[in-house]
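Student: Before anything else, here's the structure in question.
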Amino acid sequence: MSEGRHASSTWVVGPTISFGFNLAKIKDQGEDSDPILRDGPDLGLIAVFDGMGGAGGTVYETPQGPRTGAYLASRVARDVVERRMLDLLEPDWNLNGQAAAQDLQRAVRQALIECLAELNAPASSLRSRLLRALPTTMALVALQRIQPGGPTWACHVLWAGDSRAYLFEPKGARQLTTDDIRDAGDAMVNLRQDSVVSNAMSADTDFHVNYRKVTLRAPFLVAAATDGCFGYVRSPMHFERMMLTTMEEAKSTEAWSSALQSHISLVTGDDAAMSLLGIGASFEELQELFAGRADEVERRFTGPLDELRLAVDRVEHELEAARRRHVEGTAELWSAYKPDYERYVTPQPADDYSQVGESGSEDTESDAAQADAAQADDEFPPEDAIAVEAAVDEGLPSDGKGPS
């Protein structure tokens, strides 16, 4: 879904551009819910929910067909949160963010428990700290104008899990949430390691809703995104550049949303949902305000990072080629060396006399000994032959016996 509106260049107007989308890797099976996207002259509300497919992979039978716990959880949580926030977020009084966080925790937990009961699912025999019933993340931004017609806004950020809220200003992107993961690190470290989510909404485990308040001055952009949007780029700098280059090249808000979806679809390995609001300037004015920032990010950050990556790729390619040459060369040299090396451990053909003769083997020595013995027989007759000769000389029978 998407929508866009243009406003004057006063920079004190409320939300002026907005869009949201939900990209499912498998049609009708995406575990991210449609995002929340609401705005008024002095208010704004965006949120995303990412059903956790690993922990919530249990499949339940529903009137709409088989659905995973992750699929159901993100949609239940979305409906409850939108309903509660529309009750809590009013233009004429300041939102109590901490109380709102507790209210959402109670309301979502109860709704998930009731949903699980309605599914009539048998109790699982599996016991694992990684398995949860109906788990989902949430990242939410609620905006309230502090003074009527003024440029200053209270930005209330509420979240659970590793979906994120972002602020985009002409001077740069800022992450507004902190990932709830077991092996906590910064945004760059978290791209390189696949850590377990340590806090997420679910029906069978305790969780909490984090809260942070930031004061912002228009114009600015805020976005809520599931990890399919930012978790498959090379760095947070690449994510900012993707957001800004697609805006810079677009002709309208709708075109920006479409281009951004195309870029994300090319790299992501997950469902991806985003909701975005622009405050205080029209789309064309925001393009002008952010002009040059994408080039600066590329010059200072993504360009050098890409060069480093290319250098690594080249070395890895050369290393792989060297390994192939090493394997081929080793086989060739061994093939030349092996026959002589294995001469005495490799059986020789029985009729290969020339090779045997040259080898000086024991068989050759045995043959020579037999030839010498035959020659000795010719030179030195056996004892029986000597006896016959003596008998003839004395006139005795040749058998050596006396007269009959």
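Just so we're on the same page: first chain in the structure tokens is A, next is B, and so on; residues restart at 1 for each chain, and ligands are numbered from 1 in the order they show up.
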May I have the residues within 12 Å of A:Tyr232 as a ChimeraX atom specification, using only C-alpha atoms and disregarding those fewer than 6 positions away in the same chain?

Tutor: /A:188,190-194,226,238-239,242,263-272

Student: With C-alpha atoms retained, write the just-selected residues as a compact mmCIF listing (two decimals), in the first residue's frame.

Tutor:
```txt
# COMPACT_ATOMS: atom_id res chain seq x y z
CA MET A 188 27.65 -3.36 11.96
CA ASN A 190 24.87 -7.47 14.16
CA LEU A 191 25.04 -7.72 10.36
CA ARG A 192 27.90 -10.21 10.65
CA GLN A 193 26.52 -12.45 13.36
CA ASP A 194 23.20 -14.26 13.56
CA THR A 226 11.71 -5.37 9.66
CA HIS A 238 24.68 1.07 2.45
CA PHE A 239 21.17 1.05 3.89
CA MET A 242 19.83 2.80 -0.71
CA HIS A 263 16.14 -2.80 -4.48
CA ILE A 264 15.22 -4.66 -1.31
CA SER A 265 13.76 -7.59 -3.24
CA LEU A 266 17.06 -8.04 -5.10
CA VAL A 267 19.14 -8.52 -1.94
CA THR A 268 16.88 -9.73 0.84
CA GLY A 269 16.57 -13.33 1.93
CA ASP A 270 13.52 -12.70 4.13
CA ASP A 271 10.10 -11.09 4.19
CA ALA A 272 10.44 -7.30 4.34
```

Student: Please identify the helix (DSSP H, G or I) residues within stretch 24-184 of chain A (assignment by DSSP from backbone atoms) and present them as a PDB file with N, CA and C atoms, in the first residue's frame.

Tutor:
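Now in selection_35.pdb:
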```
ATOM      1  N   GLY A  69       2.830 -20.146  13.508  1.00  0.00           N
ATOM      2  CA  GLY A  69       2.632 -19.284  14.658  1.00  0.00           C
ATOM      3  C   GLY A  69       3.179 -17.889  14.417  1.00  0.00           C
ATOM      4  N   ALA A  70       4.273 -17.784  13.659  1.00  0.00           N
ATOM      5  CA  ALA A  70       4.860 -16.484  13.352  1.00  0.00           C
ATOM      6  C   ALA A  70       3.912 -15.633  12.505  1.00  0.00           C
ATOM      7  N   TYR A  71       3.297 -16.254  11.520  1.00  0.00           N
ATOM      8  CA  TYR A  71       2.336 -15.555  10.646  1.00  0.00           C
ATOM      9  C   TYR A  71       1.183 -15.000  11.481  1.00  0.00           C
ATOM     10  N   LEU A  72       0.641 -15.825  12.354  1.00  0.00           N
ATOM     11  CA  LEU A  72      -0.501 -15.403  13.167  1.00  0.00           C
ATOM     12  C   LEU A  72      -0.112 -14.335  14.180  1.00  0.00           C
ATOM     13  N   ALA A  73       1.052 -14.496  14.792  1.00  0.00           N
ATOM     14  CA  ALA A  73       1.462 -13.583  15.863  1.00  0.00           C
ATOM     15  C   ALA A  73       1.616 -12.159  15.355  1.00  0.00           C
ATOM     16  N   SER A  74       2.271 -11.977  14.203  1.00  0.00           N
ATOM     17  CA  SER A  74       2.508 -10.617  13.710  1.00  0.00           C
ATOM     18  C   SER A  74       1.189  -9.904  13.417  1.00  0.00           C
ATOM     19  N   ARG A  75       0.201 -10.633  12.953  1.00  0.00           N
ATOM     20  CA  ARG A  75      -1.084 -10.011  12.603  1.00  0.00           C
ATOM     21  C   ARG A  75      -1.936  -9.734  13.840  1.00  0.00           C
ATOM     22  N   VAL A  76      -1.910 -10.638  14.792  1.00  0.00           N
ATOM     23  CA  VAL A  76      -2.630 -10.378  16.043  1.00  0.00           C
ATOM     24  C   VAL A  76      -2.047  -9.165  16.740  1.00  0.00           C
ATOM     25  N   ALA A  77      -0.713  -9.117  16.851  1.00  0.00           N
ATOM     26  CA  ALA A  77      -0.057  -7.993  17.525  1.00  0.00           C
ATOM     27  C   ALA A  77      -0.331  -6.682  16.793  1.00  0.00           C
ATOM     28  N   ARG A  78      -0.294  -6.708  15.471  1.00  0.00           N
ATOM     29  CA  ARG A  78      -0.534  -5.494  14.710  1.00  0.00           C
ATOM     30  C   ARG A  78      -1.915  -4.918  15.004  1.00  0.00           C
ATOM     31  N   ASP A  79      -2.924  -5.752  14.958  1.00  0.00           N
ATOM     32  CA  ASP A  79      -4.294  -5.270  15.166  1.00  0.00           C
ATOM     33  C   ASP A  79      -4.475  -4.704  16.560  1.00  0.00           C
ATOM     34  N   VAL A  80      -3.903  -5.375  17.552  1.00  0.00           N
ATOM     35  CA  VAL A  80      -4.042  -4.903  18.931  1.00  0.00           C
ATOM     36  C   VAL A  80      -3.314  -3.576  19.123  1.00  0.00           C
ATOM     37  N   VAL A  81      -2.086  -3.486  18.627  1.00  0.00           N
ATOM     38  CA  VAL A  81      -1.290  -2.273  18.808  1.00  0.00           C
ATOM     39  C   VAL A  81      -1.937  -1.081  18.105  1.00  0.00           C
ATOM     40  N   GLU A  82      -2.413  -1.281  16.896  1.00  0.00           N
ATOM     41  CA  GLU A  82      -3.045  -0.164  16.196  1.00  0.00           C
ATOM     42  C   GLU A  82      -4.275   0.330  16.963  1.00  0.00           C
ATOM     43  N   ARG A  83      -5.058  -0.594  17.434  1.00  0.00           N
ATOM     44  CA  ARG A  83      -6.264  -0.213  18.171  1.00  0.00           C
ATOM     45  C   ARG A  83      -5.915   0.540  19.463  1.00  0.00           C
ATOM     46  N   ARG A  84      -4.945   0.036  20.206  1.00  0.00           N
ATOM     47  CA  ARG A  84      -4.583   0.671  21.476  1.00  0.00           C
ATOM     48  C   ARG A  84      -3.935   2.040  21.244  1.00  0.00           C
ATOM     49  N   MET A  85      -3.059   2.146  20.231  1.00  0.00           N
ATOM     50  CA  MET A  85      -2.367   3.415  19.999  1.00  0.00           C
ATOM     51  C   MET A  85      -3.316   4.490  19.491  1.00  0.00           C
ATOM     52  N   LEU A  86      -4.333   4.114  18.734  1.00  0.00           N
ATOM     53  CA  LEU A  86      -5.301   5.114  18.295  1.00  0.00           C
ATOM     54  C   LEU A  86      -6.091   5.656  19.477  1.00  0.00           C
ATOM     55  N   ASP A  87      -6.248   4.844  20.514  1.00  0.00           N
ATOM     56  CA  ASP A  87      -6.903   5.320  21.740  1.00  0.00           C
ATOM     57  C   ASP A  87      -5.966   6.198  22.568  1.00  0.00           C
ATOM     58  N   LEU A  88      -4.675   5.846  22.579  1.00  0.00           N
ATOM     59  CA  LEU A  88      -3.728   6.540  23.452  1.00  0.00           C
ATOM     60  C   LEU A  88      -3.149   7.804  22.848  1.00  0.00           C
ATOM     61  N   GLY A  97       4.790   7.733  27.454  1.00  0.00           N
ATOM     62  CA  GLY A  97       5.399   6.633  26.728  1.00  0.00           C
ATOM     63  C   GLY A  97       5.608   5.378  27.553  1.00  0.00           C
ATOM     64  N   GLN A  98       6.064   5.523  28.763  1.00  0.00           N
ATOM     65  CA  GLN A  98       6.291   4.356  29.623  1.00  0.00           C
ATOM     66  C   GLN A  98       4.978   3.637  29.901  1.00  0.00           C
ATOM     67  N   ALA A  99       3.941   4.400  30.193  1.00  0.00           N
ATOM     68  CA  ALA A  99       2.636   3.786  30.435  1.00  0.00           C
ATOM     69  C   ALA A  99       2.110   3.119  29.161  1.00  0.00           C
ATOM     70  N   ALA A 100       2.353   3.751  28.022  1.00  0.00           N
ATOM     71  CA  ALA A 100       1.923   3.157  26.760  1.00  0.00           C
ATOM     72  C   ALA A 100       2.648   1.831  26.504  1.00  0.00           C
ATOM     73  N   ALA A 101       3.933   1.777  26.829  1.00  0.00           N
ATOM     74  CA  ALA A 101       4.696   0.538  26.643  1.00  0.00           C
ATOM     75  C   ALA A 101       4.110  -0.589  27.492  1.00  0.00           C
ATOM     76  N   GLN A 102       3.774  -0.282  28.733  1.00  0.00           N
ATOM     77  CA  GLN A 102       3.180  -1.293  29.610  1.00  0.00           C
ATOM     78  C   GLN A 102       1.795  -1.701  29.125  1.00  0.00           C
ATOM     79  N   ASP A 103       1.026  -0.725  28.643  1.00  0.00           N
ATOM     80  CA  ASP A 103      -0.307  -1.016  28.122  1.00  0.00           C
ATOM     81  C   ASP A 103      -0.223  -1.965  26.920  1.00  0.00           C
ATOM     82  N   LEU A 104       0.704  -1.689  26.001  1.00  0.00           N
ATOM     83  CA  LEU A 104       0.856  -2.552  24.824  1.00  0.00           C
ATOM     84  C   LEU A 104       1.316  -3.948  25.223  1.00  0.00           C
ATOM     85  N   GLN A 105       2.200  -4.023  26.193  1.00  0.00           N
ATOM     86  CA  GLN A 105       2.676  -5.345  26.632  1.00  0.00           C
ATOM     87  C   GLN A 105       1.522  -6.195  27.143  1.00  0.00           C
ATOM     88  N   ARG A 106       0.696  -5.609  27.996  1.00  0.00           N
ATOM     89  CA  ARG A 106      -0.424  -6.352  28.560  1.00  0.00           C
ATOM     90  C   ARG A 106      -1.438  -6.727  27.478  1.00  0.00           C
ATOM     91  N   ALA A 107      -1.781  -5.774  26.620  1.00  0.00           N
ATOM     92  CA  ALA A 107      -2.812  -6.024  25.612  1.00  0.00           C
ATOM     93  C   ALA A 107      -2.365  -7.075  24.599  1.00  0.00           C
ATOM     94  N   VAL A 108      -1.129  -6.987  24.129  1.00  0.00           N
ATOM     95  CA  VAL A 108      -0.639  -7.953  23.141  1.00  0.00           C
ATOM     96  C   VAL A 108      -0.484  -9.325  23.770  1.00  0.00           C
ATOM     97  N   ARG A 109       0.047  -9.386  24.973  1.00  0.00           N
ATOM     98  CA  ARG A 109       0.229 -10.691  25.636  1.00  0.00           C
ATOM     99  C   ARG A 109      -1.122 -11.400  25.799  1.00  0.00           C
ATOM    100  N   GLN A 110      -2.135 -10.662  26.237  1.00  0.00           N
ATOM    101  CA  GLN A 110      -3.449 -11.257  26.426  1.00  0.00           C
ATOM    102  C   GLN A 110      -4.041 -11.724  25.103  1.00  0.00           C
ATOM    103  N   ALA A 111      -3.895 -10.912  24.063  1.00  0.00           N
ATOM    104  CA  ALA A 111      -4.445 -11.286  22.756  1.00  0.00           C
ATOM    105  C   ALA A 111      -3.754 -12.536  22.204  1.00  0.00           C
ATOM    106  N   LEU A 112      -2.456 -12.652  22.395  1.00  0.00           N
ATOM    107  CA  LEU A 112      -1.726 -13.828  21.901  1.00  0.00           C
ATOM    108  C   LEU A 112      -2.122 -15.087  22.680  1.00  0.00           C
ATOM    109  N   ILE A 113      -2.316 -14.945  23.983  1.00  0.00           N
ATOM    110  CA  ILE A 113      -2.746 -16.087  24.804  1.00  0.00           C
ATOM    111  C   ILE A 113      -4.126 -16.565  24.355  1.00  0.00           C
ATOM    112  N   GLU A 114      -5.025 -15.614  24.115  1.00  0.00           N
ATOM    113  CA  GLU A 114      -6.373 -15.978  23.668  1.00  0.00           C
ATOM    114  C   GLU A 114      -6.333 -16.622  22.286  1.00  0.00           C
ATOM    115  N   CYS A 115      -5.503 -16.104  21.414  1.00  0.00           N
ATOM    116  CA  CYS A 115      -5.374 -16.687  20.073  1.00  0.00           C
ATOM    117  C   CYS A 115      -4.871 -18.124  20.160  1.00  0.00           C
ATOM    118  N   LEU A 116      -3.881 -18.358  20.999  1.00  0.00           N
ATOM    119  CA  LEU A 116      -3.323 -19.701  21.150  1.00  0.00           C
ATOM    120  C   LEU A 116      -4.377 -20.668  21.668  1.00  0.00           C
ATOM    121  N   ALA A 117      -5.196 -20.203  22.608  1.00  0.00           N
ATOM    122  CA  ALA A 117      -6.253 -21.057  23.149  1.00  0.00           C
ATOM    123  C   ALA A 117      -7.288 -21.394  22.072  1.00  0.00           C
ATOM    124  N   GLU A 118      -7.606 -20.423  21.232  1.00  0.00           N
ATOM    125  CA  GLU A 118      -8.594 -20.658  20.173  1.00  0.00           C
ATOM    126  C   GLU A 118      -8.090 -21.638  19.117  1.00  0.00           C
ATOM    127  N   LEU A 119      -6.794 -21.760  18.978  1.00  0.00           N
ATOM    128  CA  LEU A 119      -6.235 -22.679  17.990  1.00  0.00           C
ATOM    129  C   LEU A 119      -6.366 -24.138  18.401  1.00  0.00           C
TER     130      LEU A 119
END
```

Student: Between atom CA of A:Tyr166 and atom CA of A:Arg182, what is the distance in Å, rounded to a tenth?

Tutor: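 Taking atom CA of A:Tyr166 as the start and atom CA of A:Arg182 as the end point, the length is 21.6 Å.
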
Student: Considering only C-alpha atoms, state which residue in the set A:Glu296, A:Glu285, A:Glu90, A:Asp50 is at the smallest distance from A:Ala224.

Tutor: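 Checking each candidate against A:Ala224, we get A:Asp50 as the closest.
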